[in-house]
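Participant: Below is a structure I'd like to ask you about.
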Amino acid sequence: MTVGDFVERLPLTVVAAKNGLDNQVTGGYVSDLLSNVMGFAAAGNVWVTMQGHQNIIAVASLAGLAAVIVAGGIEPEKETAQKAESEGVTLLTTKLPCFELVGQLYQLGIKDA
């Protein structure tokens with residue numbers, strides 16, 4: 001499954017790096033603790049968080065993640081979107097709470113790392 005596949009099926013908005021919609025998703029990871037994401041998320045994962053600051057893009061790029069979804073109606077900072085675009089990190093948002101979004105991703109076949 002690609003990032004674009006679940007963008008078509010879920011209420012997600014593409015904020016930056018639309019070129020990453022063809023990225024293959026290997027699993028998912030949910031955390032707001034950046035060190036956990038760096039230590040436990042696998043390359044190709046989609047990361048669900050409620051953080052909207054620039055550091056999420058640095059972590060996603062370092063870990064080789066397929067995409068970052070900022071959930072709960074949180075709007076990423078303008079600088080975050082700009083950094084995501086320049087780094088080629090696909091950044092998505094949703095109004096869904098993390099718990100509900102993760103359940104829907106799981107039903108679509110996205111499993112843990």
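Please note that chains go A, B, ... in the order of the structure tokens, that every chain numbers its residues from 1, and that ligands are numbered from 1 in the order shown.
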Using DSSP on the backbone coordinates, identify the residues of segment 4-102 of chain A assigned to strand (DSSP E); present them as a ChimeraX atom specification.

Facilitator: /A:13-16,27-30,45-49,67-70,91-93

Participant: Taking 3 positions as the minimum chain separation for residues in the same chain, which residues sit within 8 Å of Gly4 of chain A when counting only C-alpha atoms? Answer as an MDAnalysis selection string.

Facilitator: chainID A and resid 7:8 21:23

Participant: In terms of the shortest atom-to-atom distance over only C-alpha atoms, which of A:Pro11, A:Gly64, A:Gly44, A:Gly27 is closest to Glu87 of chain A?

Facilitator: A:Gly64

Participant: With distances taken over only C-alpha atoms, which of A:Gln24, A:Ser86, A:Gln104, A:Thr80 is nearest to Gln54 of chain A?

Facilitator: A:Thr80

Participant: I'd like the contact shell of Lys18 of chain A - 9 Å cut-off, only C-alpha atoms, skipping same-chain residues fewer than 6 positions apart - returned as an MDAnalysis selection string.

Facilitator: chainID A and resid 4 85 88:91

Participant: Could the residues in this selection be saved with C-alpha atoms as a PDB file, in the first residue's frame?

Facilitator:
```pdb
ATOM      1  CA  GLY A   4      -1.564   7.854  -1.722  1.00  0.00           C
ATOM      2  CA  GLU A  85       8.716  20.270   1.263  1.00  0.00           C
ATOM      3  CA  GLY A  88      10.854  15.653   0.575  1.00  0.00           C
ATOM      4  CA  VAL A  89       8.983  14.361   3.647  1.00  0.00           C
ATOM      5  CA  THR A  90       5.304  13.837   2.926  1.00  0.00           C
ATOM      6  CA  LEU A  91       3.348  15.706   5.595  1.00  0.00           C
TER       7      LEU A  91
END
```

Participant: Which neighbours of Ser31 of chain A fall inside 7 Å, counting only C-alpha atoms, when residues of the same chain fewer than 3 positions from it are skipped, and could you give them as a CSV table (one decimal) with N, CA, C and O atoms, in the first residue's frame?

Facilitator:
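Written file, result_28.csv:
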```csv
chain,number,residue,atom,x,y,z
A,37,VAL,N,10.5,7.5,18.4
A,37,VAL,CA,10.4,7.4,16.9
A,37,VAL,C,11.7,7.1,16.3
A,37,VAL,O,11.9,6.2,15.5
A,48,VAL,N,2.3,8.7,13.1
A,48,VAL,CA,1.2,9.5,13.6
A,48,VAL,C,1.6,10.2,14.8
A,48,VAL,O,2.1,9.6,15.8
A,49,THR,N,1.4,11.5,14.9
A,49,THR,CA,1.8,12.4,16.0
A,49,THR,C,0.8,13.5,16.1
A,49,THR,O,0.0,13.8,15.2
```

Participant: Choose the residue, out of A:Ala63, A:Leu12, A:Met1, A:Val68, that has the smallest atom-to-atom separation from Val25 of chain A; count only C-alpha atoms.

Facilitator: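 Result for the nearest residue to Val25 of chain A: A:Met1.
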
Participant: Per DSSP on the backbone, filter chain A down to the residues in helix (DSSP H, G or I) and report them as a ChimeraX atom specification.

Facilitator: /A:3-9,18-22,34-40,55-63,78-87,98-107

Participant: Pick out the residues sitting within 7 Å of Asn45 of chain A, and hand them over as a PyMOL selection string; count only C-alpha atoms, and ignore anything fewer than 4 positions along from it in its own chain.

Facilitator: chain A and resi 25-29+41+65-66+113

Participant: Using the selection just defined, write its residues with N, CA, C and O atoms as a PDB file, in the first residue's frame.

Facilitator:
```pdb
ATOM      1  N   VAL A  25       4.310   1.975   2.090  1.00  0.00           N
ATOM      2  CA  VAL A  25       4.196   1.996   3.546  1.00  0.00           C
ATOM      3  C   VAL A  25       4.434   0.581   4.064  1.00  0.00           C
ATOM      4  O   VAL A  25       3.759  -0.360   3.665  1.00  0.00           O
ATOM      5  N   THR A  26       5.415   0.449   4.961  1.00  0.00           N
ATOM      6  CA  THR A  26       5.793  -0.856   5.498  1.00  0.00           C
ATOM      7  C   THR A  26       5.162  -1.142   6.857  1.00  0.00           C
ATOM      8  O   THR A  26       5.244  -2.256   7.352  1.00  0.00           O
ATOM      9  N   GLY A  27       4.563  -0.134   7.461  1.00  0.00           N
ATOM     10  CA  GLY A  27       3.963  -0.281   8.784  1.00  0.00           C
ATOM     11  C   GLY A  27       3.685   1.087   9.353  1.00  0.00           C
ATOM     12  O   GLY A  27       3.793   2.090   8.653  1.00  0.00           O
ATOM     13  N   GLY A  28       3.338   1.119  10.633  1.00  0.00           N
ATOM     14  CA  GLY A  28       3.020   2.388  11.249  1.00  0.00           C
ATOM     15  C   GLY A  28       3.615   2.512  12.629  1.00  0.00           C
ATOM     16  O   GLY A  28       3.964   1.512  13.268  1.00  0.00           O
ATOM     17  N   TYR A  29       3.730   3.754  13.072  1.00  0.00           N
ATOM     18  CA  TYR A  29       4.246   4.026  14.408  1.00  0.00           C
ATOM     19  C   TYR A  29       3.533   5.258  14.949  1.00  0.00           C
ATOM     20  O   TYR A  29       3.300   6.215  14.213  1.00  0.00           O
ATOM     21  N   ALA A  41      10.763   3.346  15.195  1.00  0.00           N
ATOM     22  CA  ALA A  41      10.068   3.359  13.899  1.00  0.00           C
ATOM     23  C   ALA A  41      11.005   2.807  12.840  1.00  0.00           C
ATOM     24  O   ALA A  41      12.220   3.028  12.889  1.00  0.00           O
ATOM     25  N   LEU A  65      11.096   7.654   6.995  1.00  0.00           N
ATOM     26  CA  LEU A  65       9.672   7.337   7.070  1.00  0.00           C
ATOM     27  C   LEU A  65       8.949   7.679   5.777  1.00  0.00           C
ATOM     28  O   LEU A  65       9.336   8.588   5.043  1.00  0.00           O
ATOM     29  N   ALA A  66       7.874   6.950   5.499  1.00  0.00           N
ATOM     30  CA  ALA A  66       7.099   7.160   4.282  1.00  0.00           C
ATOM     31  C   ALA A  66       6.291   8.443   4.342  1.00  0.00           C
ATOM     32  O   ALA A  66       6.088   9.110   3.323  1.00  0.00           O
ATOM     33  N   ALA A 113       5.450  -1.470  13.248  1.00  0.00           N
ATOM     34  CA  ALA A 113       6.779  -1.554  12.638  1.00  0.00           C
ATOM     35  C   ALA A 113       7.292  -2.960  12.683  1.00  0.00           C
ATOM     36  O   ALA A 113       7.998  -3.428  11.886  1.00  0.00           O
TER      37      ALA A 113
END
```

Participant: Kindly indicate which residue among A:Cys98, A:Val15, A:Leu105, A:Trp47 lies nearest to Glu77 of chain A, using only C-alpha atoms for the distances.

Facilitator: A:Val15

Participant: I'd like the neighbourhood of Gly52 of chain A as a PyMOL selection string, where a residue qualifies if any of its atoms comes within 8 Å (using only C-alpha atoms), though same-chain residues fewer than 4 positions away should be ignored.

Facilitator: chain A and resi 56+70+74-77+80

Participant: Could you tell me how far atom CA of Phe40 of chain A sits from atom CA of Phe99 of chain A, in Å to one decimal place?

Facilitator: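 A separation of 19.1 Å between them.
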
Participant: Quick one: distance from atom CA of Gln51 of chain A to atom CA of Asn19 of chain A in Å, one decimal?

Facilitator: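 Computed distance, atom CA of Gln51 of chain A to atom CA of Asn19 of chain A, equals 22.3 Å.
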
Participant: Provide the atom CA of Leu62 of chain A to atom CA of Ser35 of chain A distance in Å, to one decimal place.

Facilitator: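 Atom CA of Ser35 of chain A lies at a distance of 11.6 Å from atom CA of Leu62 of chain A.
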